[in-house]
Structures are given as C-alpha cells and as structure tokens.
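Engineer: My questions all concern the structure below.
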Amino acid sequence: MIDKFEPLEATAKFYRSDIGFERKLIEFDLSKILEHLRGKRVLEMGCANGVMTEKLSKLPIYLDVVEGSSIYIDYVRQIVKGKARFFHSLFEDFEPELKYDTIIMASVLEHVTHPVKLLKKCIPGSFQKVNCMSSSQMRTQFTGKLE
C-alpha cells in the first residue's frame, strides 16, 4: 500500500514554487489576499516552497500552515524561523484546533479528490481566499465569507 504522503513527497523533490513564473503568480495572489485579510488567526493550506508563508509570517498575525509534504515543511520552517505553526496533514484530514479568521487556499482545490467536501468542511463564517486553475480561464478566484 502506498503511503498517503508519498506522492506529495515525490513532487516536493522536484517542484519549485519559489522561482520563475510560479513565484510571480504567488506574489500576485498574495497582493490580492492582503487586500482582504481579516482578523489575526490565519490558516494557509499548502505552503510548497514558502513564498506566501514567508511574507505572511512577517505580519502581526497568528499563522498556521497545513502541508502534506514534510520536505516542504522542513524547508519553510527554516525560512520563517518560528513565526508559524506547521501541521503535516492532508487537507482533507486536517482537524483544526481553533477557529480561523482567514483561510487561504491558493491553488489547492485542483489537487484534492473532493474539493466541495473540503470547502464544506472549512469553518463556516470564516473569510476564505480560494483560487484554482481552470480550463476556461487562467485562474478562477473566490474571495468571501462562507456561510
């Protein structure tokens, strides 16, 4: 049986989100997220190489990060130097210990088996920033409060 984290660890060995066009997309996404950031408790779902996490960790917020790759967690932990808590978990399996004011799901939904289930699991009433790749447009974005 394949370890549920194995595909994520394999991807983390070669995928870099901190260089080139991917970095530019993340920086653009973050500029939009910061316009709508609410409250002090923020959950980032997926950090990859930590482009967004590094910038978020410099804000006066309480930052938690859920990431399925221990390779990415170890890498980003060194960058943010204790300014975020990390949870090694699949998004679908993560059980939050507290309520978040803002949940960031940047390029997450296209990687999960049941995206609607994940969205429904997110804490109702928290502010959401969601974007994902779409066949009809470069990025599909939703920013708002889930009820």
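Simple scheme: letters A, B, ... for chains in structure tokens order, numbers from 1 for residues in each chain, numbers from 1 for ligands in the order shown.
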Neighbouring residues of Ile61 of chain A were defined as those with any atom within 8 Å, considering only C-alpha atoms; residues of the same chain fewer than 3 positions away were excluded. Please report them as a PyMOL selection string.

Structural biologist: chain A and resi 39-42+56-57

Engineer: If we count only C-alpha atoms and set the cut-off at 12 Å, which residues sit around segment 3-15 of chain A, ignoring sequence neighbours fewer than 2 positions away in its own chain? Please answer as a list in words.

Structural biologist: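 The residues satisfying every condition are Met1, Ser17, Asp18, Ile19, Gly20, Glu22, Arg23, Gly46, Cys47, Ala48, Asn49, Gly50, Glu67, Gly68, Ser69, Ser70, Ile71, Tyr72, Ile73, Asp74, Tyr75, His88, Ser89, Leu90, Phe91, Glu92, Asp93, His111 and Val112 of chain A.
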
Engineer: Using the selection just defined, write its residues with N, CA and C atoms as a compact mmCIF listing (two decimals), in the first residue's frame.

Structural biologist:
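Dumped everything to result_25.txt:
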```
# COMPACT_ATOMS: atom_id res chain seq x y z
N MET A 1 0.84 -1.19 0.00
CA MET A 1 0.00 0.00 0.00
C MET A 1 0.88 1.25 0.00
N SER A 17 8.16 26.33 -6.28
CA SER A 17 7.21 27.43 -6.43
C SER A 17 7.87 28.77 -6.16
N ASP A 18 9.14 28.75 -5.82
CA ASP A 18 9.83 29.99 -5.42
C ASP A 18 10.70 30.58 -6.53
N ILE A 19 10.52 30.11 -7.76
CA ILE A 19 11.29 30.65 -8.87
C ILE A 19 10.37 30.88 -10.08
N GLY A 20 10.79 31.75 -10.96
CA GLY A 20 10.11 31.96 -12.23
C GLY A 20 8.68 32.44 -12.14
N GLU A 22 5.89 30.85 -11.57
CA GLU A 22 5.09 30.38 -10.43
C GLU A 22 5.23 31.35 -9.25
N ARG A 23 6.44 31.82 -8.99
CA ARG A 23 6.67 32.78 -7.91
C ARG A 23 5.88 34.07 -8.17
N GLY A 46 -1.34 24.64 2.42
CA GLY A 46 -0.32 24.38 1.42
C GLY A 46 0.69 25.51 1.33
N CYS A 47 1.95 25.18 1.55
CA CYS A 47 2.97 26.23 1.51
C CYS A 47 4.01 26.02 0.42
N ALA A 48 4.14 24.82 -0.09
CA ALA A 48 5.20 24.48 -1.07
C ALA A 48 6.52 25.08 -0.60
N ASN A 49 7.19 25.87 -1.42
CA ASN A 49 8.50 26.42 -1.05
C ASN A 49 8.42 27.67 -0.19
N GLY A 50 7.22 28.09 0.22
CA GLY A 50 7.08 29.12 1.24
C GLY A 50 7.08 30.57 0.78
N GLU A 67 0.36 21.37 5.49
CA GLU A 67 1.12 20.95 4.30
C GLU A 67 1.27 19.45 4.32
N GLY A 68 1.09 18.82 3.18
CA GLY A 68 1.19 17.37 3.08
C GLY A 68 2.59 16.84 2.86
N SER A 69 3.54 17.72 2.62
CA SER A 69 4.92 17.29 2.38
C SER A 69 5.84 17.72 3.53
N SER A 70 6.46 16.74 4.15
CA SER A 70 7.42 17.07 5.22
C SER A 70 8.65 17.76 4.65
N ILE A 71 8.96 17.50 3.39
CA ILE A 71 10.10 18.18 2.74
C ILE A 71 9.84 19.68 2.70
N TYR A 72 8.65 20.07 2.26
CA TYR A 72 8.30 21.50 2.23
C TYR A 72 8.26 22.08 3.64
N ILE A 73 7.68 21.37 4.58
CA ILE A 73 7.60 21.88 5.95
C ILE A 73 9.00 22.14 6.51
N ASP A 74 9.91 21.19 6.36
CA ASP A 74 11.27 21.37 6.87
C ASP A 74 11.95 22.57 6.22
N TYR A 75 11.74 22.74 4.92
CA TYR A 75 12.35 23.85 4.18
C TYR A 75 11.79 25.20 4.65
N HIS A 88 1.62 18.62 9.55
CA HIS A 88 1.84 17.70 8.44
C HIS A 88 0.59 16.86 8.29
N SER A 89 -0.21 17.21 7.29
CA SER A 89 -1.51 16.56 7.11
C SER A 89 -2.00 16.78 5.69
N LEU A 90 -2.79 15.84 5.22
CA LEU A 90 -3.56 16.10 4.00
C LEU A 90 -4.64 17.11 4.37
N PHE A 91 -5.01 17.94 3.44
CA PHE A 91 -6.03 18.95 3.73
C PHE A 91 -7.33 18.31 4.22
N GLU A 92 -7.70 17.22 3.57
CA GLU A 92 -8.96 16.54 3.90
C GLU A 92 -8.94 15.95 5.31
N ASP A 93 -7.76 15.63 5.82
CA ASP A 93 -7.65 15.01 7.14
C ASP A 93 -7.44 16.01 8.27
N HIS A 111 -6.06 20.02 -6.49
CA HIS A 111 -5.21 18.92 -6.05
C HIS A 111 -5.89 17.96 -5.09
N VAL A 112 -7.14 18.22 -4.74
CA VAL A 112 -7.83 17.33 -3.80
C VAL A 112 -8.88 16.51 -4.53
```

Engineer: For the structure I just gave you, how does DSSP split chain A - specifically, which residues are alpha helix (DSSP H)? Reply as a PyMOL selection string.

Structural biologist: chain A and resi 6-12+20-36+51-56+70-80+115-121

Engineer: Determine the nearest neighbour of Leu25 of chain A from the options A:Met45, A:Met52, A:Gly82, A:Asp64, counting only C-alpha atoms.

Structural biologist: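 When distances to Leu25 of chain A are compared using only C-alpha atoms, the smallest one comes from A:Met52.
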
Engineer: Can you work out the spacing between atom CA of Arg38 of chain A and atom CA of Thr113 of chain A in Å, to one decimal?

Structural biologist: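 Those two atoms sit 28.2 Å apart.
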
Engineer: Go ahead and compute the interatomic distance for atom CA of Leu30 of chain A and atom CA of Leu43 of chain A, in Å to one decimal.

Structural biologist: 13.6 Å

Engineer: Step one, run DSSP on the backbone; step two, keep only residues of segment 14-116 of chain A assigned to strand (DSSP E or B); then write them as a PyMOL selection string.

Structural biologist: chain A and resi 41-45+62-67+85-88+102-106

Engineer: Go ahead and save the picked residues with N, CA and C atoms, as a CSV table (one decimal), in the first residue's frame.

Structural biologist:
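Output (again-v3.csv):
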```
chain,number,residue,atom,x,y,z
A,41,ARG,N,-6.1,35.4,13.1
A,41,ARG,CA,-5.8,34.0,13.0
A,41,ARG,C,-6.0,33.5,11.6
A,42,VAL,N,-4.8,33.1,11.0
A,42,VAL,CA,-4.8,32.8,9.6
A,42,VAL,C,-4.3,31.4,9.4
A,43,LEU,N,-5.0,30.6,8.5
A,43,LEU,CA,-4.6,29.3,8.1
A,43,LEU,C,-4.3,29.3,6.7
A,44,GLU,N,-3.0,28.9,6.4
A,44,GLU,CA,-2.6,28.7,5.0
A,44,GLU,C,-2.6,27.2,4.7
A,45,MET,N,-3.4,26.9,3.7
A,45,MET,CA,-3.4,25.5,3.3
A,45,MET,C,-2.5,25.2,2.1
A,62,TYR,N,-1.3,35.4,13.7
A,62,TYR,CA,-1.1,34.1,14.2
A,62,TYR,C,-1.3,33.1,13.0
A,63,LEU,N,-0.2,32.6,12.5
A,63,LEU,CA,-0.2,31.8,11.3
A,63,LEU,C,0.0,30.3,11.5
A,64,ASP,N,-0.9,29.5,11.0
A,64,ASP,CA,-0.8,28.1,11.0
A,64,ASP,C,-0.8,27.7,9.5
A,65,VAL,N,0.0,26.6,9.2
A,65,VAL,CA,0.1,26.1,7.9
A,65,VAL,C,-0.1,24.6,7.9
A,66,VAL,N,-1.0,24.2,6.9
A,66,VAL,CA,-1.2,22.7,6.7
A,66,VAL,C,-0.5,22.4,5.4
A,67,GLU,N,0.4,21.4,5.5
A,67,GLU,CA,1.1,21.0,4.3
A,67,GLU,C,1.3,19.4,4.3
A,85,ARG,N,3.1,27.9,12.8
A,85,ARG,CA,3.0,26.5,13.3
A,85,ARG,C,2.7,25.7,12.0
A,86,PHE,N,3.3,24.5,12.0
A,86,PHE,CA,3.1,23.7,10.8
A,86,PHE,C,2.4,22.4,11.2
A,87,PHE,N,1.5,21.9,10.4
A,87,PHE,CA,0.8,20.7,10.6
A,87,PHE,C,1.0,19.8,9.3
A,88,HIS,N,1.6,18.6,9.5
A,88,HIS,CA,1.8,17.7,8.4
A,88,HIS,C,0.6,16.9,8.3
A,102,THR,N,-9.2,33.9,8.7
A,102,THR,CA,-8.9,33.8,7.3
A,102,THR,C,-8.3,32.5,7.0
A,103,ILE,N,-8.9,31.8,6.0
A,103,ILE,CA,-8.3,30.6,5.5
A,103,ILE,C,-7.9,30.8,4.0
A,104,ILE,N,-6.6,30.5,3.7
A,104,ILE,CA,-6.1,30.8,2.4
A,104,ILE,C,-5.9,29.4,1.7
A,105,MET,N,-6.6,29.2,0.6
A,105,MET,CA,-6.5,28.0,-0.2
A,105,MET,C,-6.1,28.5,-1.6
A,106,ALA,N,-4.8,28.8,-1.8
A,106,ALA,CA,-4.3,29.2,-3.1
A,106,ALA,C,-3.8,28.0,-3.9
```
